[in-house]
>>> print(open('final-v3.cif').read())   # mmCIF, C-alpha atoms
data_target
loop_
_atom_site.label_atom_id
_atom_site.label_comp_id
_atom_site.auth_asym_id
_atom_site.auth_seq_id
_atom_site.Cartn_x
_atom_site.Cartn_y
_atom_site.Cartn_z
CA MET T 1 15.72 -9.59 -32.48
CA ASN T 2 14.45 -9.41 -28.90
CA LYS T 3 11.50 -7.21 -28.13
CA GLN T 4 12.49 -3.93 -26.48
CA PHE T 5 10.86 -3.29 -23.12
CA PRO T 6 8.48 -0.30 -22.76
CA ARG T 7 10.00 2.86 -21.30
CA THR T 8 9.05 5.82 -19.15
CA THR T 9 10.82 9.08 -18.23
CA VAL T 10 12.32 9.91 -14.84
CA GLY T 11 13.90 13.30 -14.22
CA GLY T 12 14.25 13.80 -17.97
CA VAL T 13 15.98 10.43 -18.46
CA SER T 14 14.48 7.67 -20.60
CA MET T 15 14.15 4.56 -18.43
CA PRO T 16 12.94 0.99 -19.02
CA ARG T 17 9.84 0.19 -16.99
CA MET T 18 11.63 -2.93 -15.75
CA LEU T 19 14.79 -2.27 -13.75
CA ILE T 20 17.54 -4.77 -12.98
CA GLY T 21 17.60 -5.76 -9.32
CA THR T 22 20.81 -6.90 -7.65
CA ASN T 23 19.82 -8.71 -4.44
CA TRP T 24 19.88 -12.11 -6.16
CA LEU T 25 23.33 -11.36 -7.54
CA LEU T 26 24.93 -9.86 -4.45
CA GLY T 27 23.66 -12.28 -1.81
CA TYR T 28 20.66 -10.61 -0.19
CA SER T 29 18.08 -13.38 -0.42
CA HIS T 30 15.81 -12.34 2.47
CA THR T 31 15.56 -16.04 3.31
CA GLY T 32 18.66 -16.98 5.29
CA ALA T 33 22.43 -17.06 5.58
CA ALA T 34 22.73 -20.28 3.60
CA ALA T 35 20.88 -18.82 0.62
CA ASP T 36 22.95 -15.63 0.85
CA ARG T 37 26.14 -17.67 0.85
CA GLY T 38 24.96 -19.73 -2.12
CA ILE T 39 24.38 -16.60 -4.17
CA ARG T 40 27.80 -15.18 -3.33
CA GLU T 41 29.47 -18.47 -4.22
CA LYS T 42 27.75 -18.43 -7.61
CA TYR T 43 28.61 -14.80 -8.37
CA ARG T 44 32.26 -14.40 -7.38
CA LYS T 45 33.70 -12.61 -10.43
CA PRO T 46 32.46 -9.84 -12.75
CA GLU T 47 32.09 -12.26 -15.64
CA ASP T 48 29.77 -14.47 -13.57
CA PHE T 49 27.16 -11.70 -13.69
CA TYR T 50 27.26 -11.24 -17.45
CA PRO T 51 24.70 -13.82 -18.67
CA VAL T 52 22.04 -12.35 -16.37
CA LEU T 53 22.84 -8.72 -17.13
CA ASN T 54 23.00 -9.43 -20.86
CA ALA T 55 19.57 -11.10 -20.81
CA TYR T 56 18.13 -7.81 -19.60
CA LEU T 57 20.21 -5.69 -21.98
CA GLU T 58 19.09 -7.70 -25.00
CA ASN T 59 15.53 -6.65 -24.19
CA GLY T 60 16.32 -2.96 -23.78
CA ILE T 61 16.38 -3.15 -19.98
CA ASP T 62 19.40 -0.96 -19.40
CA ALA T 63 19.03 0.37 -15.85
CA VAL T 64 20.39 -1.34 -12.74
CA MET T 65 19.60 -0.57 -9.10
CA GLY T 66 21.62 -1.27 -5.98
CA PRO T 67 24.32 -0.06 -3.58
CA ILE T 68 26.65 0.05 -6.54
CA SER T 69 29.07 2.78 -5.44
CA THR T 70 29.68 0.90 -2.19
CA THR T 71 29.88 -2.62 -3.72
CA GLN T 72 33.02 -2.94 -5.81
CA LEU T 73 32.17 -6.34 -7.29
CA CYS T 74 28.83 -5.05 -8.56
CA LEU T 75 30.49 -2.05 -10.18
CA GLU T 76 33.10 -4.29 -11.83
CA ALA T 77 30.31 -6.57 -13.11
CA ILE T 78 28.54 -3.59 -14.66
CA ARG T 79 31.73 -2.40 -16.34
CA TYR T 80 32.38 -5.91 -17.68
CA ALA T 81 28.83 -6.17 -19.06
CA GLU T 82 29.07 -2.74 -20.70
CA GLU T 83 32.38 -3.57 -22.36
CA LYS T 84 31.32 -7.00 -23.60
CA SER T 85 27.83 -5.98 -24.80
CA GLY T 86 28.75 -2.54 -26.10
CA LYS T 87 25.73 -1.15 -24.24
CA LYS T 88 25.61 1.42 -21.45
CA LEU T 89 23.84 0.71 -18.16
CA ILE T 90 22.04 3.48 -16.28
CA ILE T 91 23.12 3.25 -12.64
CA ILE T 92 20.53 3.87 -9.93
CA ASP T 93 22.80 4.05 -6.90
CA THR T 94 21.36 3.58 -3.39
CA PRO T 95 24.20 4.40 -1.03
CA GLY T 96 23.86 4.53 2.72
CA MET T 97 25.39 7.55 4.38
CA ASN T 98 26.01 9.13 7.75
CA VAL T 99 23.12 11.54 8.40
CA ASP T 100 24.18 12.69 11.87
CA ASP T 101 23.74 16.43 12.39
CA SER T 102 27.40 17.42 12.55
CA PRO T 103 29.93 19.01 10.17
CA ALA T 104 32.00 15.81 10.10
CA ALA T 105 28.99 13.65 9.21
CA CYS T 106 27.91 16.12 6.57
CA ALA T 107 31.35 16.00 4.98
CA GLU T 108 31.28 12.21 5.09
CA ALA T 109 27.87 12.09 3.37
CA ASN T 110 29.05 14.53 0.72
CA ALA T 111 32.04 12.28 0.00
CA VAL T 112 29.71 9.30 -0.49
CA ILE T 113 27.60 11.30 -2.95
CA LYS T 114 30.65 12.53 -4.86
CA HIS T 115 31.90 8.95 -5.14
CA SER T 116 28.51 7.96 -6.58
CA ALA T 117 29.04 10.59 -9.27
CA GLU T 118 32.62 9.45 -9.88
CA ILE T 119 31.54 5.90 -10.77
CA GLY T 120 29.11 7.25 -13.36
CA SER T 121 25.77 6.98 -11.59
CA THR T 122 22.80 8.79 -13.10
CA PHE T 123 20.55 8.59 -10.03
CA CYS T 124 21.50 8.79 -6.36
CA LEU T 125 18.69 7.63 -4.10
CA ILE T 126 19.47 7.92 -0.41
CA HIS T 127 19.18 4.43 1.09
CA HIS T 128 16.10 3.92 3.24
CA TYR T 129 18.24 3.08 6.28
CA SER T 130 19.70 6.59 6.17
CA ALA T 131 16.69 8.54 4.92
CA GLU T 132 14.30 7.09 7.48
CA GLN T 133 16.47 8.37 10.34
CA LEU T 134 15.43 11.88 9.29
CA VAL T 135 11.64 11.31 9.27
CA ASN T 136 9.63 13.33 11.79
CA LYS T 137 6.11 11.89 11.92
CA ASN T 138 4.95 14.57 14.33
CA LYS T 139 5.86 17.42 11.99
CA GLN T 140 5.29 15.33 8.85
CA ASN T 141 8.60 16.30 7.32
CA ILE T 142 12.07 14.86 6.67
CA THR T 143 14.55 16.86 8.71
CA ARG T 144 17.56 18.23 6.80
CA LEU T 145 16.68 16.23 3.70
CA PRO T 146 17.06 19.31 1.44
CA ASP T 147 20.73 19.53 2.47
CA TYR T 148 21.45 16.05 1.09
CA LEU T 149 19.35 16.58 -2.02
CA ALA T 150 21.33 19.75 -2.75
CA MET T 151 24.57 17.76 -2.41
CA ILE T 152 23.23 15.25 -4.93
CA ARG T 153 22.27 17.98 -7.41
CA ASP T 154 25.62 19.71 -6.93
CA ALA T 155 27.36 16.43 -7.80
CA GLY T 156 25.46 16.32 -11.10
CA LEU T 157 23.19 13.45 -10.05
CA ILE T 158 19.40 13.07 -10.09
CA PRO T 159 18.06 12.86 -6.52
CA GLY T 160 15.57 10.37 -5.15
CA LEU T 161 14.60 8.48 -2.02
CA SER T 162 14.52 4.81 -1.13
CA ALA T 163 11.28 4.62 0.81
CA HIS T 164 10.60 1.41 2.68
CA MET T 165 8.63 3.70 4.99
CA PRO T 166 5.76 4.96 2.81
CA GLU T 167 5.65 8.28 4.67
CA LEU T 168 8.78 9.31 2.78
CA ILE T 169 6.73 9.62 -0.39
CA THR T 170 3.84 11.55 1.16
CA TYR T 171 6.04 13.85 3.25
CA SER T 172 8.37 14.56 0.34
CA ASP T 173 5.50 15.43 -1.97
CA ALA T 174 3.75 17.52 0.66
CA ASN T 175 6.90 19.54 1.40
CA GLY T 176 7.96 19.94 -2.21
CA TYR T 177 11.40 18.41 -1.74
CA ASP T 178 13.67 18.23 -4.80
CA VAL T 179 13.09 14.52 -5.44
CA GLU T 180 12.58 13.05 -8.93
CA THR T 181 11.66 9.47 -8.04
CA TYR T 182 11.04 7.07 -5.17
CA ILE T 183 11.85 3.45 -4.43
CA GLN T 184 8.93 1.73 -2.69
CA ILE T 185 8.36 -1.91 -1.68
CA PHE T 186 5.22 -3.19 -3.39
CA ASN T 187 4.00 -6.76 -3.74
CA CYS T 188 0.77 -8.74 -3.49
CA MET T 189 1.81 -10.38 -0.22
CA GLY T 190 2.61 -7.21 1.70
CA PHE T 191 6.13 -8.55 2.34
CA LEU T 192 8.21 -5.96 4.24
CA MET T 193 5.51 -3.35 3.62
CA GLN T 194 4.74 -1.30 6.72
CA ILE T 195 1.06 -0.76 5.93
CA GLU T 196 -1.62 -2.57 3.89
CA VAL T 197 -1.09 -3.28 0.20
CA GLU T 198 -4.14 -1.19 -0.67
CA SER T 199 -2.77 1.84 1.20
CA VAL T 200 0.63 1.62 -0.49
CA ALA T 201 -1.09 1.29 -3.88
CA ARG T 202 -2.96 4.51 -3.14
CA ILE T 203 0.25 6.29 -2.11
CA ILE T 204 1.95 5.20 -5.34
CA HIS T 205 -0.99 6.33 -7.45
CA ASN T 206 -0.98 9.73 -5.75
CA ALA T 207 2.82 10.20 -5.91
CA LYS T 208 3.87 13.31 -7.81
CA LYS T 209 6.86 11.53 -9.35
CA PRO T 210 7.40 8.09 -10.92
CA VAL T 211 7.90 5.26 -8.44
CA MET T 212 10.46 2.46 -8.75
CA THR T 213 8.84 -0.50 -6.99
CA ILE T 214 10.92 -3.32 -5.52
CA LYS T 215 10.40 -6.88 -4.29
CA PRO T 216 7.48 -7.69 -6.65
CA MET T 217 7.77 -11.41 -5.86
CA ALA T 218 8.20 -10.84 -2.13
CA ALA T 219 11.77 -12.21 -2.28
CA GLY T 220 10.59 -15.53 -3.71
CA ARG T 221 7.51 -15.92 -1.54
CA CYS T 222 5.18 -15.84 -4.53
CA THR T 223 5.72 -17.01 -8.10
CA PRO T 224 6.87 -14.62 -10.82
CA PHE T 225 3.58 -15.12 -12.70
CA VAL T 226 1.54 -14.01 -9.70
CA GLY T 227 3.81 -11.26 -8.42
CA LEU T 228 4.60 -9.61 -11.72
CA ASN T 229 1.05 -9.77 -13.07
CA PHE T 230 -0.22 -8.13 -9.88
CA ASN T 231 2.26 -5.27 -9.97
CA TRP T 232 1.88 -4.54 -13.69
CA ALA T 233 -1.90 -4.52 -13.33
CA VAL T 234 -1.88 -2.07 -10.42
CA LEU T 235 0.90 0.40 -11.20
CA ARG T 236 0.69 3.54 -13.33
CA ASP T 237 2.23 3.75 -16.80
CA CYS T 238 5.02 5.96 -15.44
CA ASP T 239 6.03 3.54 -12.68
CA MET T 240 8.67 0.81 -12.78
CA ILE T 241 9.28 -2.64 -11.31
CA THR T 242 12.73 -3.71 -10.13
CA VAL T 243 13.16 -7.39 -10.92
CA GLY T 244 16.07 -9.44 -9.67
CA ALA T 245 16.95 -12.84 -11.09
CA GLY T 246 19.32 -15.57 -9.98
CA SER T 247 20.07 -16.86 -13.47
CA GLU T 248 19.84 -15.93 -17.14
CA ALA T 249 16.85 -18.26 -17.59
CA GLU T 250 14.98 -16.65 -14.69
CA ALA T 251 15.63 -13.19 -16.11
CA ARG T 252 14.27 -14.18 -19.52
CA GLU T 253 11.23 -15.81 -17.93
CA ASP T 254 10.48 -12.70 -15.85
CA ILE T 255 10.81 -10.51 -18.94
CA GLU T 256 8.39 -12.69 -20.93
CA ILE T 257 5.84 -12.73 -18.08
CA SER T 258 6.09 -8.94 -17.82
CA LEU T 259 5.76 -8.29 -21.55
CA ALA T 260 2.77 -10.62 -21.68
CA ALA T 261 1.13 -8.81 -18.77
CA LEU T 262 1.60 -5.42 -20.44
CA GLU T 263 0.39 -6.76 -23.80
CA ARG T 264 -2.62 -8.53 -22.24
CA ARG T 265 -1.72 -11.98 -23.52
CA ALA T 266 -0.70 -15.33 -22.08
CA PRO T 267 3.06 -15.67 -21.53
CA ASP T 268 5.01 -18.13 -23.65
CA LEU T 269 6.41 -20.29 -20.85
CA ALA T 270 7.37 -23.91 -20.44
CA ALA T 271 5.19 -25.82 -18.01
CA ARG T 272 6.55 -26.61 -14.58
CA SER T 273 8.08 -30.03 -14.12
CA SER T 274 6.51 -32.54 -11.79
CA PRO T 275 7.35 -36.17 -10.89
CA MET T 276 3.68 -37.11 -11.39
CA ALA T 277 2.54 -34.69 -14.08
CA GLN T 278 -1.12 -34.63 -15.06
CA LYS T 279 -2.23 -33.78 -18.59
CA ILE T 280 -4.99 -31.52 -17.29
CA LEU T 281 -2.32 -29.24 -15.75
CA GLY T 282 -0.76 -28.60 -19.14
CA HIS T 283 2.40 -30.64 -18.55
#
>>> encode(input="final-v3.cif", output="structure tokens")
Amino acid sequence: MNKQFPRTTVGGVSMPRMLIGTNWLLGYSHTGAAADRGIREKYRKPEDFYPVLNAYLENGIDAVMGPISTTQLCLEAIRYAEEKSGKKLIIIDTPGMNVDDSPAACAEANAVIKHSAEIGSTFCLIHHYSAEQLVNKNKQNITRLPDYLAMIRDAGLIPGLSAHMPELITYSDANGYDVETYIQIFNCMGFLMQIEVESVARIIHNAKKPVMTIKPMAAGRCTPFVGLNFNWAVLRDCDMITVGAGSEAEAREDIEISLAALERRAPDLAARSSPMAQKILGH
């Protein structure tokens, strides 16, 4: 039997501390159009996703993050995995929405949130592209955010914020907004982070709610061993890491590295291949 991944609690919901990322399944490589296209060619049908999703599920990692309510293929892949595995996936939906200050835009945003509820999401975290349009650095608040959070609560969902901009965490906490969790970029390379790694680490440690970190391997710019060990060493016990994988084998490798980091042991991994391997390198 596979080892079950450690868990935390977010908004009263039991959650695995590792979350399933979807960029490497949906074609968002952060490297280039060719890589994006290669991912999409590999994952064309719901059943193509199953080996990767099942690798996580077998280890008790049963929460998936992404723009799921607005990406039909991803939703179909989740439904397929649930039916075939007999296990339920917790959906952390990150929909973008129109946040213009008008009745029509408000109605449009509410429809997006209601659709998130209709597909069975548990969490609705306003996508950073939308949420960051509301940030007022001068007043240190997030204009009209409570309106959208109320819509999320009214739809029966747990509200949160996707915060590429770290101010979203500090302003939300300072103003007491009804937010149960945050998504924040965090990796050892500072990739896509708007301020220094040390400053973001401090913000995460001071956050009043659990933080779901993303891009731990800087979208492939550092190895899983380095990226995952750094994040697990720095984060709090209540925080999570969102880990995307491009194959079943990569998912299992990332899980083993993460379990080893949390258990303070060496991971059980095969050595890297090399055309001129040296014995001293452990090949």
>>> closest_residue(input="final-v3.cif", among="T:Gly32, T:Pro95, T:Gly120, T:Gly156", to="Ile78 (chain T)", atoms="all atoms listed in the file")
T:Gly120
>>> resolve_selection(input="final-v3.cif", expression="the PyMOL selection byres ((chain T and resi 206-211) around 8)", output="JSON, numbers by chain")
{"T": [10, 169, 170, 173, 179, 180, 181, 182, 183, 184, 202, 203, 204, 205, 212, 213, 238, 239, 240]}
>>> closest_residue(input="final-v3.cif", among="T:Val135, T:Val13, T:Met97, T:Ile92", to="Ala117 (chain T)", atoms="all atoms listed in the file")
T:Ile92
>>> closest_residue(input="final-v3.cif", among="T:Ala245, T:Ala174, T:Cys74, T:Met18", to="Asn231 (chain T)", atoms="all atoms listed in the file")
T:Met18
>>> resolve_selection(input="final-v3.cif", expression="the PyMOL selection byres ((chain T and resi 177) around 10)", output="list of chain:residue names")
T:Asn141, T:Ile142, T:Leu145, T:Pro146, T:Leu149, T:Pro159, T:Gly160, T:Tyr171, T:Ser172, T:Asp173, T:Ala174, T:Asn175, T:Gly176, T:Asp178, T:Val179, T:Glu180
>>> closest_residue(input="final-v3.cif", among="T:Ala55, T:Ile113, T:Leu228, T:Met15", to="Ile90 (chain T)", atoms="only C-alpha atoms")
T:Met15
>>> closest_residue(input="final-v3.cif", among="T:Pro166, T:Pro51, T:Pro216, T:Pro67", to="Met189 (chain T)", atoms="all atoms listed in the file")
T:Pro216
>>> closest_residue(input="final-v3.cif", among="T:Asp154, T:Asp237, T:Glu196, T:Asp268", to="Pro16 (chain T)", atoms="only C-alpha atoms")
T:Asp237
>>> atom_distance(input="final-v3.cif", atom1="CA of Ile20 (chain T)", atom2="CA of Asn59 (chain T)")
11.5 Å
>>> resolve_selection(input="final-v3.cif", expression="the PyMOL selection byres ((chain T and resi 87) around 12)", output="JSON, numbers by chain")
{"T": [53, 54, 56, 57, 58, 59, 60, 61, 62, 63, 78, 79, 80, 81, 82, 83, 84, 85, 86, 88, 89, 90]}
>>> atom_distance(input="final-v3.cif", atom1="CA of Met193 (chain T)", atom2="CA of Ala109 (chain T)")
27.2 Å
>>> residues_near_point(input="final-v3.cif", point="(19.7, 7.7, -1.9)", cutoff="8 Å", atoms="all atoms listed in the file", output="ChimeraX atom specification")
/T:93-96,124-128,131,159-162
>>> write_last_selection(input="final-v3.cif", atoms="C-alpha atoms", output="mmCIF file, keeping the file's coordinate frame")
data_model
loop_
_atom_site.group_PDB
_atom_site.id
_atom_site.type_symbol
_atom_site.label_atom_id
_atom_site.label_comp_id
_atom_site.auth_asym_id
_atom_site.auth_seq_id
_atom_site.Cartn_x
_atom_site.Cartn_y
_atom_site.Cartn_z
ATOM 1 C CA ASP T 93 22.800 4.050 -6.900
ATOM 2 C CA THR T 94 21.360 3.580 -3.390
ATOM 3 C CA PRO T 95 24.200 4.400 -1.030
ATOM 4 C CA GLY T 96 23.860 4.530 2.720
ATOM 5 C CA CYS T 124 21.500 8.790 -6.360
ATOM 6 C CA LEU T 125 18.690 7.630 -4.100
ATOM 7 C CA ILE T 126 19.470 7.920 -0.410
ATOM 8 C CA HIS T 127 19.180 4.430 1.090
ATOM 9 C CA HIS T 128 16.100 3.920 3.240
ATOM 10 C CA ALA T 131 16.690 8.540 4.920
ATOM 11 C CA PRO T 159 18.060 12.860 -6.520
ATOM 12 C CA GLY T 160 15.570 10.370 -5.150
ATOM 13 C CA LEU T 161 14.600 8.480 -2.020
ATOM 14 C CA SER T 162 14.520 4.810 -1.130
#
>>> atom_distance(input="final-v3.cif", atom1="CA of Met165 (chain T)", atom2="CA of Gln194 (chain T)")
6.6 Å
>>> residues_around(input="final-v3.cif", residues="Glu263 (chain T)", least_positions_apart="4", cutoff="12 Å", atoms="all atoms listed in the file", output="count of residues only")
11
